[in-house]
Each structure stands twice: as structure tokens, then as C-alpha cells.
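One structure below.
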Amino acid sequence: MERSSILSNLVGGGTDVDPQRLGELSADLGIPVADLLVVAGRPVPAELLPPERDPEATRRFAFRTSHCDHAQLALLEGFVSSLPRLAAPGPFVPPVAPYHHPAETGSAAVFNGLIRNRGFGVGELPFLGLSRSTLLGMTTGWEPSPHRQHQLCSVAGPLGWTLPDLFAVVGQPYSEELRPITLCRHVGRVFTAAAHLTTAQLVASAEEADRLSAREDEGVWQSVSQGFVAECPDFA
């Protein structure tokens, strides 16, 4: 069965899939078990969730990672993967903006879960080419929208998902002409590998990203990610 069919079927009937089978699918598809649990509409155990972490440290790590090219991202992924999982006060709980009510079902809930599985809230995501209000709207509902393809092309990369896989999960038709907008999945692979990091480890990883990219610190926060989408080997 094709990947797209497996994922779309998981959305419709994931609560009936044996947990062992989800583990097998995770290995076969190269998608974290925590993500497949989200897709299947199941709760994610605390041991699979990121630890509590400082939002500012998370935001800085994400921004500085975006300055790495593909060779540097591969080295950074190896670095964060090598860091041990340390004891933390509790699992990560995404911050919720005032008057914002994240969806608990449907595609918006899947989007929420995938962000949370990486230890991010909407405010910690790097620049994606989408406004904050648009991202918040994507976490509350997925009414029909002529902008949906553009939005998915913007968020798939930071989640570490390929475009065909994410389109299949949310039931959108995929075309091979579509491309990531700002960041590709290789940036998201680093975020996924770093999901187990504590605040101190995120700080160290941001410093490693700066060392690899040779980014010059201008002393002020810069909100725009650099990105190397045009160089992504997926579309060479």
C-alpha cells in the first residue's frame, strides 16, 4: 500500500490500530511514533513528549538552525541526537494565547499535536512566510480555504514532514509541482531530533548552530529565517 493511503487510512481508523502496528509503521515510514499517534487521534504518552522548556530558548534555537545549509543541518542533527535525554519537571505543554481555543479534533488538532511533539508553540516557530494570525487560525479550524496548499507548503518543512505525507494526512490533493516555501524538511529533521532537549541543551545546540553556520550575532533579534529551500536535495 502506498504511503499516502496508509496515512490517510490511519486518520480514519487509527484508534483501532494495534500499538505494535503503529511502531512498525513508524519504522517503515520514518515517521516518529508520537506523530503517528497524533494522526491516529490517540493520546501521546508523557515519555514520548518533549520536556518542559523555555520558549525563548526554543525560539532562538529554531531561528539559528534556519541559518544552516544542508551539510550543516546534517551535522547539527547529529549533534542534537547525541545529547542524552535528561530528567525534567514534566512534559512540555504548549502556551496558549489569550482567547485562543486550539482544536481538539480534525486536521487542526493534528497540526497542534505535530507542533507540540517538537516542543514548539506557534510563537516559537521560526519565520514560515505566514502571519501569526494565520498560524493561530490553522490551529483552531480547517474550513475550506484557497490558501490551504500554500499554508501546507509553509509548515511541512519545520515539522520534518514531506509535502506528500502531510497533504495525505489532512486530505488535500498533492501535486509534484509544489515546493516548500521557506524551510524544507531537513530543518524540521533537526527540530524533531531536538524534541527531547532541555532548555540548557537547546542553548548549547543554538550555539552549535551558530558555530556551524558562522552566523554573525548582530545583537538584536531577527525574525526572518534564512532558509536553503532552493538547494534542498529533495528537489534537485
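Going by the C-alpha cells order, chains are called A, B, ..., each with residues numbered from 1, while ligands are numbered from 1 in the order shown.
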Please list as a ChimeraX atom specification every residue within 10 Å of Leu83 (chain A), counting only C-alpha atoms and excluding residues in the same chain fewer than 2 positions away. /A:78-81,85-86,193-194,196-198,201,205
Please provide as JSON, numbers by chain all residues within 7 Å of region 166-182 of chain A, with the sequence filter that same-chain residues fewer than 5 positions apart are discarded (counting only C-alpha atoms). {"A": [4, 7, 8, 11, 107, 128, 129, 153, 154, 156, 157, 161, 227, 229]}
Keeping only all heavy atoms, write the selected residues as a short mmCIF file (atom, residue, chain, number, x, y, z; two decimals), in the first residue's frame.
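Written output follows (selection08.cif):
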```
data_model
loop_
_atom_site.label_atom_id
_atom_site.label_comp_id
_atom_site.auth_asym_id
_atom_site.auth_seq_id
_atom_site.Cartn_x
_atom_site.Cartn_y
_atom_site.Cartn_z
N SER A 4 0.71 7.35 1.05
CA SER A 4 -0.43 8.27 1.18
C SER A 4 -1.67 7.52 1.65
O SER A 4 -2.44 8.03 2.48
CB SER A 4 -0.70 8.99 -0.14
OG SER A 4 -0.96 8.06 -1.18
N LEU A 7 -1.33 6.57 5.40
CA LEU A 7 -1.53 7.71 6.29
C LEU A 7 -2.99 8.16 6.31
O LEU A 7 -3.54 8.46 7.37
CB LEU A 7 -0.62 8.86 5.87
CG LEU A 7 0.88 8.63 6.15
CD1 LEU A 7 1.73 9.67 5.45
CD2 LEU A 7 1.15 8.64 7.64
N SER A 8 -3.60 8.22 5.15
CA SER A 8 -5.00 8.67 5.11
C SER A 8 -5.91 7.65 5.81
O SER A 8 -6.87 8.04 6.49
CB SER A 8 -5.45 8.89 3.67
OG SER A 8 -5.34 7.71 2.89
N VAL A 11 -5.77 8.14 9.57
CA VAL A 11 -6.60 9.24 10.05
C VAL A 11 -8.02 8.76 10.29
O VAL A 11 -8.65 9.09 11.29
CB VAL A 11 -6.62 10.40 9.03
CG1 VAL A 11 -7.58 11.49 9.47
CG2 VAL A 11 -5.22 10.98 8.86
N SER A 107 -8.15 18.13 11.37
CA SER A 107 -6.81 18.44 10.87
C SER A 107 -6.10 19.48 11.72
O SER A 107 -4.88 19.45 11.87
CB SER A 107 -6.90 18.93 9.42
OG SER A 107 -7.36 17.91 8.56
N LEU A 128 7.91 31.42 8.77
CA LEU A 128 7.45 30.45 7.77
C LEU A 128 6.83 31.10 6.54
O LEU A 128 6.34 30.39 5.66
CB LEU A 128 6.41 29.52 8.41
CG LEU A 128 6.81 28.80 9.69
CD1 LEU A 128 5.66 27.90 10.17
CD2 LEU A 128 8.06 27.98 9.48
N GLY A 129 6.82 32.40 6.50
CA GLY A 129 6.15 33.07 5.39
C GLY A 129 4.66 33.20 5.63
O GLY A 129 3.91 33.56 4.72
N CYS A 153 2.52 23.97 2.39
CA CYS A 153 3.89 24.05 1.87
C CYS A 153 4.78 24.87 2.81
O CYS A 153 6.00 24.71 2.81
CB CYS A 153 3.90 24.67 0.48
SG CYS A 153 3.25 23.59 -0.82
N SER A 154 4.17 25.73 3.60
CA SER A 154 4.93 26.54 4.54
C SER A 154 5.25 25.79 5.83
O SER A 154 6.33 25.97 6.40
CB SER A 154 4.14 27.82 4.89
OG SER A 154 3.98 28.64 3.76
N ALA A 156 5.06 22.24 6.40
CA ALA A 156 5.54 20.85 6.33
C ALA A 156 7.02 20.76 6.69
O ALA A 156 7.43 19.88 7.45
CB ALA A 156 5.30 20.28 4.93
N GLY A 157 7.83 21.67 6.15
CA GLY A 157 9.27 21.62 6.38
C GLY A 157 9.66 21.68 7.85
O GLY A 157 10.37 20.80 8.34
N TRP A 161 8.15 16.90 7.93
CA TRP A 161 7.31 16.04 7.10
C TRP A 161 7.52 16.39 5.63
O TRP A 161 7.75 17.55 5.27
CB TRP A 161 5.84 16.24 7.45
CG TRP A 161 5.40 15.46 8.64
CD1 TRP A 161 5.89 15.53 9.91
CD2 TRP A 161 4.37 14.48 8.67
NE1 TRP A 161 5.23 14.66 10.73
CE2 TRP A 161 4.28 13.99 10.00
CE3 TRP A 161 3.51 13.96 7.71
CZ2 TRP A 161 3.36 13.01 10.37
CZ3 TRP A 161 2.58 12.99 8.09
CH2 TRP A 161 2.53 12.53 9.41
N GLY A 227 16.97 30.12 5.53
CA GLY A 227 16.43 29.01 4.74
C GLY A 227 17.28 28.70 3.52
O GLY A 227 17.95 29.56 2.95
N VAL A 229 15.87 26.53 0.91
CA VAL A 229 14.89 25.71 0.19
C VAL A 229 15.33 25.45 -1.24
O VAL A 229 15.20 24.32 -1.75
CB VAL A 229 13.51 26.41 0.21
CG1 VAL A 229 12.56 25.71 -0.75
CG2 VAL A 229 12.92 26.39 1.61
#
```
Figure out the distance between CA of Leu130 (chain A) and CA of Ala97 (chain A), please, to one decimal in Å. 17.1 Å
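With only C-alpha atoms as the atoms that count, the residue of A:Pro32, A:Pro126, A:Pro164, A:Gly41 with the shortest distance to Arg3 (chain A) is A:Pro164.
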For Arg211 (chain A), please output as a list in words all residues within 10 Å (counting only C-alpha atoms; exclusion window: fewer than 4 positions along the same chain). Arg64, Cys68, Gln72, Leu76, Ser205, Ala206, Glu207, Arg215 and Glu216 of chain A
Restricted to N, CA, C and O atoms, what would the selected residues look like written as an mmCIF file, in the first residue's frame?
```cif
data_model
loop_
_atom_site.group_PDB
_atom_site.id
_atom_site.type_symbol
_atom_site.label_atom_id
_atom_site.label_comp_id
_atom_site.auth_asym_id
_atom_site.auth_seq_id
_atom_site.Cartn_x
_atom_site.Cartn_y
_atom_site.Cartn_z
ATOM 1 N N ARG A 64 18.265 30.104 14.826
ATOM 2 C CA ARG A 64 19.668 29.900 14.489
ATOM 3 C C ARG A 64 19.869 28.649 13.643
ATOM 4 O O ARG A 64 20.762 28.601 12.797
ATOM 5 N N CYS A 68 21.576 27.413 8.904
ATOM 6 C CA CYS A 68 22.467 26.341 8.474
ATOM 7 C C CYS A 68 22.068 25.830 7.091
ATOM 8 O O CYS A 68 20.883 25.661 6.802
ATOM 9 N N GLN A 72 25.448 21.577 6.941
ATOM 10 C CA GLN A 72 25.495 21.984 8.348
ATOM 11 C C GLN A 72 24.306 21.431 9.131
ATOM 12 O O GLN A 72 24.448 21.049 10.300
ATOM 13 N N LEU A 76 24.331 19.286 12.529
ATOM 14 C CA LEU A 76 23.576 19.741 13.697
ATOM 15 C C LEU A 76 22.598 18.664 14.153
ATOM 16 O O LEU A 76 22.414 18.454 15.364
ATOM 17 N N SER A 205 22.749 23.860 21.807
ATOM 18 C CA SER A 205 22.517 23.498 20.410
ATOM 19 C C SER A 205 22.422 24.740 19.526
ATOM 20 O O SER A 205 22.868 24.723 18.371
ATOM 21 N N ALA A 206 21.850 25.816 20.048
ATOM 22 C CA ALA A 206 21.815 27.074 19.295
ATOM 23 C C ALA A 206 23.224 27.602 19.079
ATOM 24 O O ALA A 206 23.559 28.113 17.998
ATOM 25 N N GLU A 207 24.078 27.465 20.084
ATOM 26 C CA GLU A 207 25.468 27.883 19.941
ATOM 27 C C GLU A 207 26.184 27.023 18.905
ATOM 28 O O GLU A 207 27.013 27.514 18.124
ATOM 29 N N ARG A 215 27.215 32.230 11.685
ATOM 30 C CA ARG A 215 26.305 33.376 11.733
ATOM 31 C C ARG A 215 26.867 34.455 12.629
ATOM 32 O O ARG A 215 27.346 34.190 13.725
ATOM 33 N N GLU A 216 26.839 35.675 12.174
ATOM 34 C CA GLU A 216 27.291 36.802 12.981
ATOM 35 C C GLU A 216 26.132 37.316 13.825
ATOM 36 O O GLU A 216 25.073 37.633 13.305
#
```
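The space separating CA of Val203 (chain A) from CA of Leu135 (chain A) comes to 25.4 Å.
Proximity to Gly188 (chain A) was assessed for A:Val38, A:Leu125, A:Leu136, A:Leu202 counting only C-alpha atoms; the smallest distance is recorded for A:Leu125.
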How would you write, as a PyMOL selection string, the set of residues in region 7-200 of chain A that DSSP gives as alpha helix (DSSP H)? chain A and resi 7-13+19-29+33-39+55-65+70-82+106-117+132-140+148-159+163-169+185-193+199-200
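Put simply, CA of Pro19 (chain A) is 27.8 Å away from CA of Leu152 (chain A).
Across A:Asp35, A:Ala27, A:His100, A:Trp142, the tightest approach to Asp165 (chain A) is made by A:Asp35 when counting only C-alpha atoms.
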Could you check which of A:Arg60, A:Gly119, A:Arg148, A:His186 is closest to Gly160 (chain A), using only C-alpha atoms? A:His186
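Counting only C-alpha atoms, the residue from A:Thr162, A:Gln151, A:Thr192, A:Thr15 that sits nearest to Ile115 (chain A) is A:Thr192.
Taking only C-alpha atoms into account, Pro50 (chain A) lies nearest to A:Ala195 out of the set A:Ala108, A:Leu183, A:Leu10, A:Ala195.
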Show me, as a list in words, the residues that have an atom within 10 Å of Pro95 (chain A) when counting only C-alpha atoms, minus same-chain residues fewer than 6 positions from it. Pro55, Arg116, Phe120, Gly121, Val122, Gly123 and Glu124 of chain A
